[in-house]
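Enquirer: Contents are compact mmCIF, C-alpha atoms; file name my_file-v5.txt:
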# COMPACT_ATOMS: atom_id res chain seq x y z
CA MET A 11 0.00 0.00 0.00
CA GLU A 12 1.95 2.99 -1.34
CA GLN A 13 0.35 5.67 0.82
CA LEU A 14 1.31 3.73 3.96
CA LYS A 15 4.85 3.02 2.74
CA ASN A 16 5.30 6.73 2.01
CA ALA A 17 4.10 7.61 5.52
CA ILE A 18 6.58 5.13 7.02
CA ILE A 19 9.46 6.58 4.99
CA GLU A 20 8.55 10.24 5.42
CA ARG A 21 7.11 10.30 8.95
CA GLY A 22 8.44 7.16 10.66
CA SER A 23 11.83 6.80 12.31
CA VAL A 24 14.08 3.81 12.83
CA VAL A 25 14.99 3.59 16.51
CA SER A 26 17.13 0.47 16.23
CA ASP A 27 17.56 -2.55 13.95
CA GLY A 28 14.35 -3.96 15.40
CA VAL A 29 12.23 -0.94 16.27
CA LEU A 30 10.32 1.36 13.93
CA LYS A 31 8.62 4.36 15.51
CA VAL A 32 5.40 5.50 13.82
CA ASP A 33 3.91 7.62 16.60
CA THR A 34 3.51 10.54 14.17
CA PHE A 35 0.62 8.88 12.35
CA LEU A 36 -0.37 5.54 13.91
CA ASN A 37 0.10 4.96 17.61
CA HIS A 38 0.22 8.28 19.43
CA GLN A 39 -0.74 10.96 16.93
CA ILE A 40 -3.24 9.50 14.45
CA ASP A 41 -3.60 10.52 10.80
CA THR A 42 -7.30 9.68 10.43
CA ASN A 43 -7.25 10.19 6.68
CA LEU A 44 -4.54 7.55 6.29
CA MET A 45 -6.38 5.30 8.76
CA ILE A 46 -9.53 5.53 6.63
CA HIS A 47 -7.58 4.39 3.57
CA ILE A 48 -6.01 1.57 5.59
CA GLY A 49 -9.41 0.46 6.91
CA LYS A 50 -10.90 0.48 3.41
CA GLU A 51 -7.96 -1.56 2.11
CA PHE A 52 -8.55 -4.23 4.77
CA ALA A 53 -12.27 -4.26 3.93
CA ASN A 54 -11.44 -4.68 0.27
CA ARG A 55 -8.98 -7.53 0.80
CA PHE A 56 -11.48 -9.47 2.93
CA LYS A 57 -14.69 -8.50 1.16
CA GLU A 58 -15.29 -12.09 -0.05
CA SER A 59 -14.72 -13.62 3.40
CA LYS A 60 -18.22 -13.07 4.83
CA ILE A 61 -16.75 -11.27 7.85
CA THR A 62 -19.27 -10.80 10.69
CA LYS A 63 -16.98 -9.14 13.23
CA ILE A 64 -13.61 -7.43 13.51
CA LEU A 65 -11.47 -8.14 16.56
CA THR A 66 -8.53 -5.93 17.47
CA ILE A 67 -6.60 -5.08 20.63
CA GLU A 68 -6.36 -1.84 22.53
CA THR A 69 -5.04 0.76 21.91
CA SER A 70 -3.35 1.09 18.57
CA GLY A 71 -5.49 -1.45 16.70
CA ILE A 72 -8.62 0.68 16.94
CA ALA A 73 -7.85 3.47 14.46
CA PRO A 74 -6.76 1.23 11.54
CA SER A 75 -9.73 -1.12 12.16
CA PHE A 76 -12.34 1.61 12.39
CA MET A 77 -13.21 2.11 8.73
CA ALA A 78 -12.73 -1.60 7.93
CA ALA A 79 -15.59 -2.37 10.34
CA ASN A 80 -17.66 0.47 8.94
CA ASP A 81 -17.13 -0.54 5.31
CA LEU A 82 -17.88 -4.21 6.03
CA ASP A 83 -20.83 -3.08 8.18
CA VAL A 84 -19.84 -5.25 11.16
CA PRO A 85 -19.15 -4.47 14.84
CA LEU A 86 -15.60 -3.67 15.93
CA VAL A 87 -14.58 -5.40 19.16
CA PHE A 88 -11.33 -4.65 20.93
CA ALA A 89 -9.70 -6.97 23.43
CA ARG A 90 -8.89 -5.28 26.69
CA LYS A 91 -5.45 -5.64 28.17
CA LYS A 92 -6.78 -5.96 31.68
CA LYS A 93 -10.24 -6.39 33.09
CA SER A 94 -11.97 -3.20 34.10
CA LEU A 95 -14.20 -3.03 37.16
CA THR A 96 -17.35 -2.76 35.05
CA MET A 97 -16.51 -5.79 32.90
CA ASN A 98 -18.16 -8.94 34.20
CA ASN A 99 -16.22 -12.17 34.63
CA ASP A 100 -17.85 -13.78 31.66
CA VAL A 101 -14.87 -13.27 29.39
CA PHE A 102 -12.61 -15.21 27.06
CA THR A 103 -8.97 -14.64 28.02
CA SER A 104 -5.54 -15.31 26.65
CA SER A 105 -1.96 -14.42 27.60
CA VAL A 106 0.25 -12.38 25.30
CA TYR A 107 3.99 -12.08 25.80
CA SER A 108 5.55 -8.86 24.51
CA PHE A 109 9.22 -9.15 23.57
CA THR A 110 9.47 -5.34 23.42
CA LYS A 111 8.10 -4.79 26.92
CA GLN A 112 9.36 -8.16 28.23
CA GLU A 113 6.13 -8.81 30.05
CA THR A 114 3.04 -10.98 29.77
CA THR A 115 -0.35 -9.27 29.48
CA GLU A 116 -3.73 -10.88 29.95
CA ILE A 117 -6.16 -9.94 27.19
CA ALA A 118 -9.90 -10.39 27.53
CA VAL A 119 -13.06 -10.22 25.42
CA SER A 120 -16.56 -10.41 26.82
CA LYS A 121 -18.42 -13.58 25.84
CA ASN A 122 -21.27 -11.31 24.78
CA PHE A 123 -19.37 -10.15 21.72
CA LEU A 124 -18.16 -13.37 20.07
CA GLN A 125 -20.48 -16.17 18.98
CA GLU A 126 -19.70 -19.53 17.42
CA ASN A 127 -21.13 -18.54 14.04
CA ASP A 128 -18.86 -15.48 13.79
CA GLN A 129 -16.37 -15.13 10.93
CA VAL A 130 -13.77 -12.92 12.56
CA LEU A 131 -11.22 -10.66 10.92
CA ILE A 132 -8.36 -9.95 13.35
CA ILE A 133 -6.58 -6.61 12.82
CA ASP A 134 -3.48 -5.28 14.56
CA ASP A 135 -1.04 -2.45 13.97
CA PHE A 136 2.20 -4.47 14.03
CA LEU A 137 3.19 -8.06 13.36
CA ALA A 138 6.55 -9.02 14.83
CA ASN A 139 6.59 -12.26 16.80
CA GLY A 140 2.90 -12.89 16.25
CA GLN A 141 2.08 -13.21 19.93
CA ALA A 142 -0.76 -10.66 19.97
CA ALA A 143 -2.38 -12.12 16.84
CA LEU A 144 -2.08 -15.65 18.22
CA GLY A 145 -3.64 -14.50 21.50
CA LEU A 146 -6.54 -12.93 19.63
CA ALA A 147 -6.94 -16.07 17.51
CA ALA A 148 -7.01 -18.19 20.67
CA ILE A 149 -9.87 -16.04 21.97
CA VAL A 150 -11.80 -16.43 18.69
CA GLU A 151 -11.36 -20.19 18.91
CA GLN A 152 -12.44 -20.30 22.56
CA ALA A 153 -15.70 -18.79 21.32
CA GLY A 154 -15.99 -21.57 18.74
CA ALA A 155 -15.88 -18.88 16.06
CA THR A 156 -13.70 -18.87 12.93
CA VAL A 157 -10.63 -16.76 12.20
CA ALA A 158 -11.36 -15.62 8.66
CA GLY A 159 -8.05 -13.83 8.36
CA ILE A 160 -5.52 -11.54 9.97
CA GLY A 161 -4.93 -7.98 8.75
CA ILE A 162 -1.71 -6.24 9.76
CA VAL A 163 -0.75 -2.63 9.13
CA ILE A 164 3.04 -3.05 9.39
CA GLU A 165 4.75 -6.44 9.26
CA LYS A 166 8.34 -6.86 10.38
CA SER A 167 9.07 -9.58 7.90
CA PHE A 168 12.50 -10.21 9.46
CA GLN A 169 10.77 -11.64 12.55
CA ASN A 170 8.89 -14.92 12.71
CA GLY A 171 5.30 -13.72 13.26
CA ARG A 172 4.03 -14.40 9.74
CA SER A 173 5.54 -17.92 9.71
CA LEU A 174 3.84 -18.78 12.99
CA LEU A 175 0.47 -17.50 11.79
CA GLU A 176 0.70 -19.23 8.41
CA GLU A 177 1.79 -22.50 10.05
CA ALA A 178 -1.33 -22.23 12.21
CA GLY A 179 -3.33 -22.03 8.97
CA TYR A 180 -4.31 -18.38 9.00
CA ARG A 181 -4.45 -16.06 5.99
CA VAL A 182 -2.30 -13.00 6.70
CA GLU A 183 -2.64 -9.70 4.81
CA SER A 184 -0.05 -7.06 5.68
CA LEU A 185 -0.28 -3.60 4.15
CA ALA A 186 3.44 -2.88 4.50
CA ARG A 187 6.09 -5.59 4.80
CA ILE A 188 9.47 -4.53 6.11
CA GLU A 189 12.44 -6.68 5.17
CA SER A 190 15.00 -4.78 7.22
CA LEU A 191 15.55 -1.79 9.49
CA LYS A 192 19.33 -2.11 9.41
CA ASN A 193 21.57 0.96 9.36
CA GLY A 194 18.66 3.24 10.19
CA LYS A 195 17.01 2.51 6.83
CA VAL A 196 13.62 0.99 6.06
CA THR A 197 13.74 -1.64 3.29
CA PHE A 198 10.42 -3.05 2.15
CA LEU A 199 10.06 -6.64 1.03
CA ALA A 200 9.89 -6.68 -2.76
CA ASP A 201 6.72 -8.21 -4.14
CA LYS A 202 7.68 -11.75 -5.09
CA THR A 203 6.93 -12.47 -8.74
CA VAL A 204 7.08 -16.03 -10.03
CA GLN A 205 9.97 -16.25 -12.47
CA THR A 206 9.25 -18.12 -15.66
CA ILE A 207 12.33 -19.48 -17.47
CA MET B 23 -28.18 13.80 20.39
CA GLU B 24 -31.13 11.47 19.88
CA GLN B 25 -29.28 8.61 18.18
CA LEU B 26 -26.88 8.39 21.13
CA LYS B 27 -29.67 8.60 23.72
CA ASN B 28 -31.49 5.77 21.95
CA ALA B 29 -28.34 3.65 21.99
CA ILE B 30 -27.94 4.27 25.73
CA ILE B 31 -31.56 3.29 26.42
CA GLU B 32 -31.69 0.31 24.08
CA ARG B 33 -28.16 -1.08 24.33
CA GLY B 34 -26.74 0.28 27.60
CA SER B 35 -27.34 -1.16 31.04
CA VAL B 36 -27.42 0.42 34.47
CA VAL B 37 -25.04 -1.48 36.75
CA SER B 38 -25.63 0.66 39.85
CA ASP B 39 -26.80 4.17 40.77
CA GLY B 40 -23.44 5.46 39.56
CA VAL B 41 -22.40 3.13 36.78
CA LEU B 42 -23.74 2.93 33.24
CA LYS B 43 -22.36 0.14 31.07
CA VAL B 44 -22.10 0.92 27.35
CA ASP B 45 -19.70 -1.79 26.26
CA THR B 46 -22.13 -2.89 23.54
CA PHE B 47 -21.41 0.19 21.40
CA LEU B 48 -18.74 2.44 22.92
CA ASN B 49 -16.01 0.95 25.06
CA HIS B 50 -15.57 -2.73 24.22
CA GLN B 51 -17.68 -3.44 21.15
CA ILE B 52 -17.76 -0.31 18.97
CA ASP B 53 -20.63 0.75 16.72
CA THR B 54 -18.56 2.63 14.14
CA ASN B 55 -21.63 4.07 12.43
CA LEU B 56 -22.77 5.70 15.68
CA MET B 57 -19.19 6.83 16.36
CA ILE B 58 -19.07 8.55 12.96
CA HIS B 59 -22.25 10.47 13.82
CA ILE B 60 -20.83 11.37 17.23
CA GLY B 61 -17.56 12.56 15.68
CA LYS B 62 -19.40 14.69 13.14
CA GLU B 63 -21.53 16.21 15.90
CA PHE B 64 -18.41 17.25 17.84
CA ALA B 65 -16.90 18.70 14.64
CA ASN B 66 -20.09 20.65 14.03
CA ARG B 67 -20.31 22.05 17.57
CA PHE B 68 -16.71 23.29 17.46
CA LYS B 69 -16.49 24.26 13.80
CA GLU B 70 -16.10 27.99 14.65
CA SER B 71 -13.35 27.35 17.21
CA LYS B 72 -10.39 27.16 14.80
CA ILE B 73 -9.37 23.77 16.25
CA THR B 74 -5.88 22.66 15.21
CA LYS B 75 -5.69 19.40 17.15
CA ILE B 76 -7.89 16.94 19.01
CA LEU B 77 -6.57 15.41 22.22
CA THR B 78 -8.17 12.35 23.77
CA ILE B 79 -7.06 9.55 26.08
CA GLU B 80 -6.62 5.86 25.43
CA THR B 81 -8.57 3.68 24.90
CA SER B 82 -12.22 4.61 24.71
CA GLY B 83 -11.74 8.18 23.57
CA ILE B 84 -10.33 7.19 20.19
CA ALA B 85 -13.44 5.91 18.41
CA PRO B 86 -15.71 8.90 19.20
CA SER B 87 -12.90 11.35 18.32
CA PHE B 88 -11.96 9.69 15.05
CA MET B 89 -14.41 11.35 12.67
CA ALA B 90 -14.28 14.67 14.57
CA ALA B 91 -10.58 14.88 13.70
CA ASN B 92 -11.24 13.80 10.14
CA ASP B 93 -14.06 16.29 9.61
CA LEU B 94 -12.09 19.16 11.14
CA ASP B 95 -9.03 17.97 9.16
CA VAL B 96 -6.72 18.01 12.19
CA PRO B 97 -4.49 15.36 13.79
CA LEU B 98 -5.90 13.18 16.58
CA VAL B 99 -3.53 12.72 19.51
CA PHE B 100 -4.24 10.34 22.34
CA ALA B 101 -2.63 10.56 25.76
CA ARG B 102 -1.03 7.31 26.84
CA LYS B 103 -1.74 5.94 30.26
CA LYS B 104 1.82 4.84 30.81
CA LYS B 105 5.01 5.43 28.93
CA SER B 106 5.92 2.77 26.43
CA LEU B 107 9.51 1.73 25.84
CA THR B 108 9.64 3.42 22.45
CA MET B 109 8.34 6.76 23.74
CA ASN B 110 11.13 9.16 24.55
CA ASN B 111 11.21 11.08 27.82
CA ASP B 112 10.30 14.33 26.16
CA VAL B 113 6.68 14.22 27.29
CA PHE B 114 4.11 16.35 29.06
CA THR B 115 2.60 14.40 31.96
CA SER B 116 -0.26 14.69 34.38
CA SER B 117 -1.81 12.51 37.09
CA VAL B 118 -5.43 11.36 36.85
CA TYR B 119 -7.28 9.84 39.79
CA SER B 120 -10.03 7.40 38.88
CA PHE B 121 -12.79 7.11 41.47
CA THR B 122 -14.08 3.97 39.70
CA LYS B 123 -10.76 2.17 39.79
CA GLN B 124 -9.55 3.94 42.95
CA GLU B 125 -6.12 4.47 41.51
CA THR B 126 -3.97 7.24 40.09
CA THR B 127 -2.68 6.89 36.54
CA GLU B 128 0.05 8.90 34.89
CA ILE B 129 -0.93 10.17 31.45
CA ALA B 130 1.61 11.40 28.94
CA VAL B 131 1.74 13.18 25.59
CA SER B 132 4.91 13.58 23.53
CA LYS B 133 6.08 17.19 23.27
CA ASN B 134 6.28 16.64 19.51
CA PHE B 135 2.50 16.67 19.20
CA LEU B 136 1.42 19.81 21.07
CA GLN B 137 2.68 23.30 20.23
CA GLU B 138 1.95 26.61 21.88
CA ASN B 139 -0.12 27.89 18.94
CA ASP B 140 -2.44 24.87 19.07
CA GLN B 141 -6.17 25.30 19.68
CA VAL B 142 -7.03 21.97 21.25
CA LEU B 143 -10.38 20.22 21.43
CA ILE B 144 -10.35 17.64 24.24
CA ILE B 145 -12.69 14.67 23.75
CA ASP B 146 -13.49 11.86 26.17
CA ASP B 147 -16.12 9.15 26.41
CA PHE B 148 -17.39 9.91 29.93
CA LEU B 149 -17.50 12.93 32.20
CA ALA B 150 -18.04 12.07 35.86
CA ASN B 151 -15.66 13.76 38.29
CA GLY B 152 -13.79 15.54 35.54
CA GLN B 153 -10.39 14.21 36.54
CA ALA B 154 -9.43 12.85 33.11
CA ALA B 155 -10.50 16.06 31.32
CA LEU B 156 -8.63 18.21 33.87
CA GLY B 157 -5.53 16.04 33.40
CA LEU B 158 -5.73 16.48 29.63
CA ALA B 159 -6.28 20.24 30.04
CA ALA B 160 -3.22 20.42 32.30
CA ILE B 161 -1.15 18.81 29.55
CA VAL B 162 -2.47 21.29 26.95
CA GLU B 163 -1.53 24.15 29.25
CA GLN B 164 1.94 22.73 29.93
CA ALA B 165 2.44 23.00 26.16
CA GLY B 166 1.37 26.65 26.29
CA ALA B 167 -1.50 25.72 23.98
CA THR B 168 -5.16 26.68 24.39
CA VAL B 169 -8.06 24.45 25.42
CA ALA B 170 -10.69 25.48 22.88
CA GLY B 171 -13.31 23.23 24.42
CA ILE B 172 -14.15 19.86 25.87
CA GLY B 173 -16.41 17.38 24.07
CA ILE B 174 -17.95 14.55 26.08
CA VAL B 175 -19.98 11.62 24.79
CA ILE B 176 -21.84 10.82 28.02
CA GLU B 177 -22.01 13.21 30.96
CA LYS B 178 -23.06 11.99 34.39
CA SER B 179 -24.67 15.28 35.32
CA PHE B 180 -25.27 14.08 38.90
CA GLN B 181 -21.52 14.21 39.52
CA ASN B 182 -19.40 17.34 39.75
CA GLY B 183 -17.25 17.07 36.61
CA ARG B 184 -19.03 19.71 34.56
CA SER B 185 -18.97 22.21 37.46
CA LEU B 186 -15.23 21.75 37.90
CA LEU B 187 -14.56 22.22 34.19
CA GLU B 188 -16.84 25.26 33.88
CA GLU B 189 -15.30 26.82 37.00
CA ALA B 190 -11.92 26.40 35.31
CA GLY B 191 -13.31 28.39 32.38
CA TYR B 192 -13.74 25.63 29.82
CA ARG B 193 -16.59 25.26 27.36
CA VAL B 194 -18.13 21.79 27.78
CA GLU B 195 -20.29 20.12 25.12
CA SER B 196 -21.83 16.80 26.15
CA LEU B 197 -23.84 14.78 23.63
CA ALA B 198 -25.90 12.99 26.29
CA ARG B 199 -26.45 14.35 29.80
CA ILE B 200 -27.66 11.89 32.40
CA GLU B 201 -29.52 13.31 35.37
CA SER B 202 -29.90 10.02 37.22
CA LEU B 203 -29.28 6.28 37.04
CA LYS B 204 -31.46 5.56 40.09
CA ASN B 205 -33.61 2.42 40.27
CA GLY B 206 -31.91 0.94 37.23
CA LYS B 207 -33.35 3.66 35.01
CA VAL B 208 -31.60 6.24 32.82
CA THR B 209 -33.07 9.74 33.12
CA PHE B 210 -31.67 12.37 30.80
CA LEU B 211 -31.37 15.97 31.85
CA ALA B 212 -34.17 17.91 30.23
CA ASP B 213 -33.04 20.68 27.93
CA LYS B 214 -33.41 23.83 29.94
CA THR B 215 -35.65 26.37 28.22
CA VAL B 216 -35.93 29.92 29.49
CA GLN B 217 -39.46 30.38 30.81
CA THR B 218 -41.12 33.65 29.82
CA ILE B 219 -43.96 34.79 32.09
Before anything else, please render the file you have as structure tokens.
Expert:
Amino acid sequence: MEQLKNAIIERGSVVSDGVLKVDTFLNHQIDTNLMIHIGKEFANRFKESKITKILTIETSGIAPSFMAANDLDVPLVFARKKKSLTMNNDVFTSSVYSFTKQETTEIAVSKNFLQENDQVLIIDDFLANGQAALGLAAIVEQAGATVAGIGIVIEKSFQNGRSLLEEAGYRVESLARIESLKNGKVTFLADKTVQTI
Amino acid sequence: MEQLKNAIIERGSVVSDGVLKVDTFLNHQIDTNLMIHIGKEFANRFKESKITKILTIETSGIAPSFMAANDLDVPLVFARKKKSLTMNNDVFTSSVYSFTKQETTEIAVSKNFLQENDQVLIIDDFLANGQAALGLAAIVEQAGATVAGIGIVIEKSFQNGRSLLEEAGYRVESLARIESLKNGKVTFLADKTVQTI
């Protein structure tokens, strides 16, 4: 998605070989116009998948999911990272380990918002080690619902998240795939074209 | 705002005399269509205020702010509830006490995203004791910027938040004002009309 790649190049910054900072448009300050285009792109890629619900995770998954849910005309549910006092105990839960923060977080979704006939599109801002997406998928499966696919804004293709998700049988659609952040430079994965001899 | 009041009546639930649960459309499952209408209503109410930025707080402030920022064509910034590892230390901070959770949270906004010439519209999902809005306003003022107004989705008018904000000189626009949650019933504050004798 060219508009997203341009935003990463022009407004992102490489903090280290593993960390890309995009707080200028995605996860602190939000460019809602870009988020609308991102949401519509997700909706378009999964428009044949009979999606009935979108599941994301607070906080940074909400903005890129917003217009996907609106375009597909389905509810947007976000997993909470800890239970709030007004959430009842009737929740699906899963544990997510963050390599960046080096801590495990419990995520939870009320049983009211996932049913066994749901076709769920999971959306998250980043895919690195795949732990958040796998945690969300585990919650979908606890509900007896189906993971129809996983939409990612920015994939760090040099980490193993995509492999783990594909091995688990999930369709993964990433809008920007980053091959490397070495030497302070963002290199996108070239689109693989089948070579005919 | 009638569409919001109807959602509260039809899809909300009164947990106690002080607690209204709206996780079916606002703060766990999100009705993006309703959120778009809410965002547009905020944009309309503040369209003369020369807003340059919208400031909200994670997580539940993002969805109702989204289309307000898009309609006013300004960036949406959300305050983080704790510093993440990739956020530098160059932040404005404030402390917010939650009576519901009975705990104090630090909120932070990067100094990159608020400048002294900014006219800031603060948006939050609930107004009860006003602590979150006052914390956000404190951050705006640390930046030397101006609080152009405060937009609230649901105001608990039986608590003192609005008084505190008005005493501090802020314009408050709430889309639904709740007079009482007593006996499991939502009563909205009647629109006050000047009586002519």
Enquirer: Which polymer residues, protein or nucleic acid, are no farther than 12 Å from (4.1, -18.7, 14.1), counting only C-alpha atoms, as a PyMOL selection string?
Expert: chain A and resi 137-145+147+169-180+182
Enquirer: Find the residues in chain B near chain A: any atom within 7 Å counts, using all atoms listed in the file. Write them as a list in words.
Expert: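 Taking all atoms listed in the file into account, His50, Gln51, Ile52, Asp53, Thr54, Asn55, Glu80, Thr81, Phe88, Ala91, Asn92, Pro97, Leu98, Val99, Phe100, Leu107, Lys123 and Phe135 of chain B sit within 7 Å of chain A.
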Enquirer: Any idea what the distance is between atom CA of B:Gly171 and atom CA of B:Ser71?
Expert: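 Taking atom CA of B:Gly171 as the start and atom CA of B:Ser71 as the end point, the length is 8.3 Å.
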Enquirer: Would you mind reading off the distance between atom CA of A:Glu183 and atom CA of A:Lys50, one decimal, in Å?
Expert: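 Between atom CA of A:Glu183 and atom CA of A:Lys50 the gap is 13.2 Å.
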Enquirer: Just to confirm, what's the straight-line distance from atom CA of A:Ile188 to atom CA of A:Ile18 in Å (one decimal)?
Expert: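 We find that atom CA of A:Ile188 and atom CA of A:Ile18 lie 10.1 Å from each other.
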Enquirer: Near B:Ile129, within 9 Å and counting only C-alpha atoms, which residues show up once chain neighbours fewer than 3 positions away are dropped, as a VMD selection string?
Expert: chain B and resid 79 101 to 105 114 to 118 157 to 158 161
Enquirer: So which one's closest to B:Phe121, B:Gly166, B:Gly40, B:Gly173, B:Pro86? Using all atoms listed in the file, please.
Expert: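 Once distances to B:Phe121 are computed over all atoms listed in the file, the minimum belongs to B:Gly40.
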Enquirer: Point out the residue among A:Ala155, A:Val130, A:Ile19, A:Leu185 with the least atom-to-atom distance to A:Asn54, counting only C-alpha atoms.
Expert: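 Closest candidate: A:Leu185.
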Enquirer: As JSON, what would the box around stretch 60-64 of chain B look like: edges along x, y and z, 6 Å added on every side, centre and edge lengths in Å to one decimal?
Expert:
{"center_x": -19.5, "center_y": 14.3, "center_z": 15.5, "size_x": 16.0, "size_y": 17.9, "size_z": 16.7}
Enquirer: Would you be able to write out as a PDB file with C-alpha atoms, keeping the file's coordinate frame which residues have an atom within 12 Å of (-30.7, 5.6, 22.4) in the file's coordinates, counting only C-alpha atoms?
Expert:
ATOM      1  CA  MET B  23     -28.180  13.800  20.390  1.00  0.00           C
ATOM      2  CA  GLU B  24     -31.130  11.470  19.880  1.00  0.00           C
ATOM      3  CA  GLN B  25     -29.280   8.610  18.180  1.00  0.00           C
ATOM      4  CA  LEU B  26     -26.880   8.390  21.130  1.00  0.00           C
ATOM      5  CA  LYS B  27     -29.670   8.600  23.720  1.00  0.00           C
ATOM      6  CA  ASN B  28     -31.490   5.770  21.950  1.00  0.00           C
ATOM      7  CA  ALA B  29     -28.340   3.650  21.990  1.00  0.00           C
ATOM      8  CA  ILE B  30     -27.940   4.270  25.730  1.00  0.00           C
ATOM      9  CA  ILE B  31     -31.560   3.290  26.420  1.00  0.00           C
ATOM     10  CA  GLU B  32     -31.690   0.310  24.080  1.00  0.00           C
ATOM     11  CA  ARG B  33     -28.160  -1.080  24.330  1.00  0.00           C
ATOM     12  CA  GLY B  34     -26.740   0.280  27.600  1.00  0.00           C
ATOM     13  CA  SER B  35     -27.340  -1.160  31.040  1.00  0.00           C
ATOM     14  CA  VAL B  44     -22.100   0.920  27.350  1.00  0.00           C
ATOM     15  CA  PHE B  47     -21.410   0.190  21.400  1.00  0.00           C
ATOM     16  CA  LEU B  56     -22.770   5.700  15.680  1.00  0.00           C
ATOM     17  CA  ILE B 176     -21.840  10.820  28.020  1.00  0.00           C
ATOM     18  CA  LEU B 197     -23.840  14.780  23.630  1.00  0.00           C
ATOM     19  CA  ALA B 198     -25.900  12.990  26.290  1.00  0.00           C
ATOM     20  CA  VAL B 208     -31.600   6.240  32.820  1.00  0.00           C
ATOM     21  CA  THR B 209     -33.070   9.740  33.120  1.00  0.00           C
ATOM     22  CA  PHE B 210     -31.670  12.370  30.800  1.00  0.00           C
TER      23      PHE B 210
END
Enquirer: Would you mind listing what lies within 10 Å of B:Glu138 as a PyMOL selection string, with all atoms listed in the file counted and same-chain residues fewer than 3 positions away left out?
Expert: chain B and resi 141+162-168
